[in-house]
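The next block holds one structure in the form of structure tokens; read it before the comments.
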Amino acid sequence: MQRNKGAVDEAFDNIIKLVLSRKLLPGDRIYETDLVDVFKMSRTPIREALSRLASMGFLEKLPNKKGYIVPFLEPKDMKEVYYVRVLLEGKAARRAAKYASPEDSSELIEINQQEMEMFLANKKDEYAALNEKFHMTIAAMAKNRYLYRYIQQAFWRSNIYVFFFMSFYNEQINIEKLQNVENPRLSYMEHKRIVESILSRDSLAAEKAMQEHLIIAYNSMLNPHGQPIKSLEECDLD
């Protein structure tokens with residue numbers, strides 16, 4: 001059983017990497033039989049990984065057909081999923097500030113430190129995994145299984161847009177150039193502000209920091225080369 005779980009996780013990660021590397025694009029169809037040769041794995045873990053990704057909204061099951069599809073990217077869908085993330089993850093951060101244990105706080109600090117290292121090293125796969133870990137750790141800290149479940153679904157649906165529109169995943173990062181930009185958008189720094197609010201037990205500040213982070217992320221994908229957005233009031237998701 002443990003070996004099977006590991007194989008499913010490996011297949012899950014490999015499918016994500018195909019999207020990150022643009023080997024799978026919106027509208028592409030995916031069949032488990034095709035991935036057997038690509039991943040050199042049996043069909044069972046691939047089938048389970050595809051089913052898991054579909055349940056999370058990252059893939060869609062083809063109606064009345066075998067296989068899955070990478071969802072088409074639509075502005076209305078993107079806006080709706082980020083609206084939900086802002087609402088749910090803001091509340092999760094607020095509750096996390098109330099319920100965080102010392103162990104939870106230490107884990108968040110460690111994740112955020114690793115995020116900085118992976119960002120500066122331009123390691124996209126590792127950074128994507130840490131970004132998921134950061135958001136889902138806070139969701140778990142909220143101590144509400146339904147909140148966690150729906151945050152997980154919204155997170156993975158939004159990742160379709162993140163992987164194709166977020167500048168970090170689409171451009172080679174020039175660290176020296178970045179350091180000369182006034183107020184550059186650095187996701188791990190926005191995460192750091194969320195962590196600081198949670199550590200200080202400031203529920204309202206944690207909620208606002210999370211909301212601001214997600215709204216700024218949404219707007220930065222709509223306008224990747226525009227002026228940096230500095231505050232929640234400058235963002236528009238309504």
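Each chain of the structure tokens is named A, B, ... in the order shown, its residues numbered from 1; ligands are numbered from 1 in display order.
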
What are the nearest atom pairs, with distances in Å to one decimal, for all residues of region 204-227 of chain A that come at most 8 Å from region 77-84 of chain A, using only C-alpha atoms, set out by chain and rising residue number as CSV?
residue,atom,partner,partner_atom,distance
A:Leu214,CA,A:Tyr82,CA,7.2
A:Ile215,CA,A:Tyr82,CA,7.4
A:Tyr218,CA,A:Tyr82,CA,6.9

> If we count only C-alpha atoms, what is near Phe155 (chain A) at a cut-off of 10 Å, once residues fewer than 5 positions away on the same chain are taken out, given as a list in words?
Replying inline: Met56, Gly57, Phe58, Val81, Tyr82, Val84, Arg85, Glu89, Glu132, His135, Met136, Arg149, Tyr150, Ile160 and Val162 of chain A

Residues of region 26-124 of chain A that have any atom at most 8 Å from an atom of region 4-14 of chain A: could you tabulate them with the shortest-distance atom pair and the distance in Å to one decimal, using only C-alpha atoms, ordered by chain and increasing number, as JSON lines?
{"residue": "A:Phe39", "atom": "CA", "partner": "A:Ala11", "partner_atom": "CA", "distance": 7.5}
{"residue": "A:Pro45", "atom": "CA", "partner": "A:Val8", "partner_atom": "CA", "distance": 4.4}
{"residue": "A:Ile46", "atom": "CA", "partner": "A:Ala11", "partner_atom": "CA", "distance": 5.5}
{"residue": "A:Glu48", "atom": "CA", "partner": "A:Val8", "partner_atom": "CA", "distance": 6.4}
{"residue": "A:Ala49", "atom": "CA", "partner": "A:Phe12", "partner_atom": "CA", "distance": 4.9}
{"residue": "A:Leu50", "atom": "CA", "partner": "A:Phe12", "partner_atom": "CA", "distance": 7.2}
{"residue": "A:Leu53", "atom": "CA", "partner": "A:Phe12", "partner_atom": "CA", "distance": 7.5}

I need the chosen residues saved as a compact mmCIF listing (two decimals), in the first residue's frame, with all heavy atoms.
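This is the output file result13.txt:
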# COMPACT_ATOMS: atom_id res chain seq x y z
N PHE A 39 6.18 7.81 -18.49
CA PHE A 39 6.62 7.75 -17.10
C PHE A 39 7.28 6.42 -16.74
O PHE A 39 7.83 6.28 -15.65
CB PHE A 39 5.42 7.97 -16.17
CG PHE A 39 4.77 9.32 -16.29
CD1 PHE A 39 3.46 9.51 -15.85
CD2 PHE A 39 5.44 10.40 -16.84
CE1 PHE A 39 2.84 10.75 -15.95
CE2 PHE A 39 4.83 11.65 -16.96
CZ PHE A 39 3.53 11.81 -16.52
N PRO A 45 -1.25 3.61 -10.90
CA PRO A 45 -0.95 4.89 -10.25
C PRO A 45 -1.23 6.09 -11.14
O PRO A 45 -1.62 7.16 -10.65
CB PRO A 45 0.54 4.78 -9.91
CG PRO A 45 1.08 3.73 -10.82
CD PRO A 45 -0.05 2.77 -11.03
N ILE A 46 -1.05 5.92 -12.45
CA ILE A 46 -1.35 7.01 -13.37
C ILE A 46 -2.85 7.30 -13.37
O ILE A 46 -3.27 8.46 -13.35
CB ILE A 46 -0.86 6.66 -14.80
CG1 ILE A 46 0.67 6.61 -14.82
CG2 ILE A 46 -1.37 7.69 -15.81
CD1 ILE A 46 1.26 6.10 -16.12
N GLU A 48 -4.95 6.76 -10.95
CA GLU A 48 -5.32 7.39 -9.68
C GLU A 48 -4.87 8.85 -9.64
O GLU A 48 -5.58 9.71 -9.11
CB GLU A 48 -4.70 6.60 -8.52
CG GLU A 48 -5.32 5.22 -8.33
CD GLU A 48 -4.79 4.52 -7.10
OE1 GLU A 48 -4.37 5.21 -6.15
OE2 GLU A 48 -4.78 3.27 -7.07
N ALA A 49 -3.69 9.13 -10.19
CA ALA A 49 -3.19 10.50 -10.21
C ALA A 49 -4.07 11.39 -11.08
O ALA A 49 -4.40 12.52 -10.72
CB ALA A 49 -1.75 10.53 -10.69
N LEU A 50 -4.46 10.88 -12.25
CA LEU A 50 -5.34 11.64 -13.14
C LEU A 50 -6.69 11.91 -12.49
O LEU A 50 -7.23 13.00 -12.58
CB LEU A 50 -5.52 10.88 -14.46
CG LEU A 50 -4.33 10.85 -15.41
CD1 LEU A 50 -4.56 9.84 -16.53
CD2 LEU A 50 -4.05 12.23 -15.99
N LEU A 53 -6.26 14.64 -9.86
CA LEU A 53 -6.12 15.97 -10.46
C LEU A 53 -7.46 16.47 -11.01
O LEU A 53 -7.74 17.67 -10.96
CB LEU A 53 -5.07 15.93 -11.57
CG LEU A 53 -3.62 15.87 -11.08
CD1 LEU A 53 -2.68 15.45 -12.21
CD2 LEU A 53 -3.19 17.22 -10.51

**Request:** Please provide as JSON, numbers by chain all residues within 10 Å of Leu88 (chain A), with the sequence filter that same-chain residues fewer than 6 positions apart are discarded (counting only C-alpha atoms).
**Result:** {"A": [82, 94, 139, 147, 148, 150, 151, 154, 207, 210, 211]}

One residue among A:Ser187, A:Ser200, A:Asn159, A:Ser51 is nearest to Ile69 (chain A) when using only C-alpha atoms, and that residue is A:Ser51

For a quick check of understanding, using only C-alpha atoms, which of A:Lys40, A:Phe168, A:Tyr161, A:Lys124 has the smallest distance to Lys76 (chain A)?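 For Lys76 (chain A), the nearest of the given residues is A:Tyr161.
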
- Query: In region 24-225 of chain A, what's strand (DSSP E) per DSSP? Answer as a PyMOL selection string?
  - Reply: chain A and resi 29-30+60-61+68-69

*asked:* Neighbouring residues of Met116 (chain A) were defined as those with any atom within 10 Å, considering only C-alpha atoms; residues of the same chain fewer than 3 positions away were excluded. Please report them as a PyMOL selection string.
replied: chain A and resi 111-113+119-122+127+130+186-189+191-192

Taking C-alpha atoms for each residue, export the selection above as a PDB file, in the first residue's frame.
ATOM      1  CA  ILE A 111       8.711  26.699   4.169  1.00  0.00           C
ATOM      2  CA  ASN A 112       9.075  30.423   3.558  1.00  0.00           C
ATOM      3  CA  GLN A 113      12.857  30.230   3.874  1.00  0.00           C
ATOM      4  CA  PHE A 119      12.991  31.385  -6.116  1.00  0.00           C
ATOM      5  CA  LEU A 120      16.477  32.869  -6.184  1.00  0.00           C
ATOM      6  CA  ALA A 121      17.811  29.615  -7.657  1.00  0.00           C
ATOM      7  CA  ASN A 122      15.057  29.774 -10.319  1.00  0.00           C
ATOM      8  CA  TYR A 127       9.051  26.459  -5.893  1.00  0.00           C
ATOM      9  CA  LEU A 130       6.611  24.764  -1.782  1.00  0.00           C
ATOM     10  CA  LEU A 186       8.034  38.671  -4.983  1.00  0.00           C
ATOM     11  CA  SER A 187       5.581  36.000  -3.941  1.00  0.00           C
ATOM     12  CA  TYR A 188       7.751  34.660  -1.129  1.00  0.00           C
ATOM     13  CA  MET A 189       7.961  38.153   0.392  1.00  0.00           C
ATOM     14  CA  HIS A 191       4.138  35.000   2.061  1.00  0.00           C
ATOM     15  CA  LYS A 192       6.552  36.327   4.665  1.00  0.00           C
TER      16      LYS A 192
END

To one decimal place in Å, what is the distance between CA of Arg29 (chain A) and CA of Val70 (chain A)?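 CA of Arg29 (chain A) sits 6.6 Å away from CA of Val70 (chain A).
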
Which parts of region 112-187 of chain A does DSSP call helix (DSSP H, G or I) when run on the backbone here, written out as a ChimeraX atom specification? /A:112-120,124-141,145-165,167-170,175-179,187

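Distances to Ala142 (chain A) were evaluated for A:Ile198, A:Val38, A:Leu25, A:Leu222 using only C-alpha atoms, and the minimum falls at A:Ile198.
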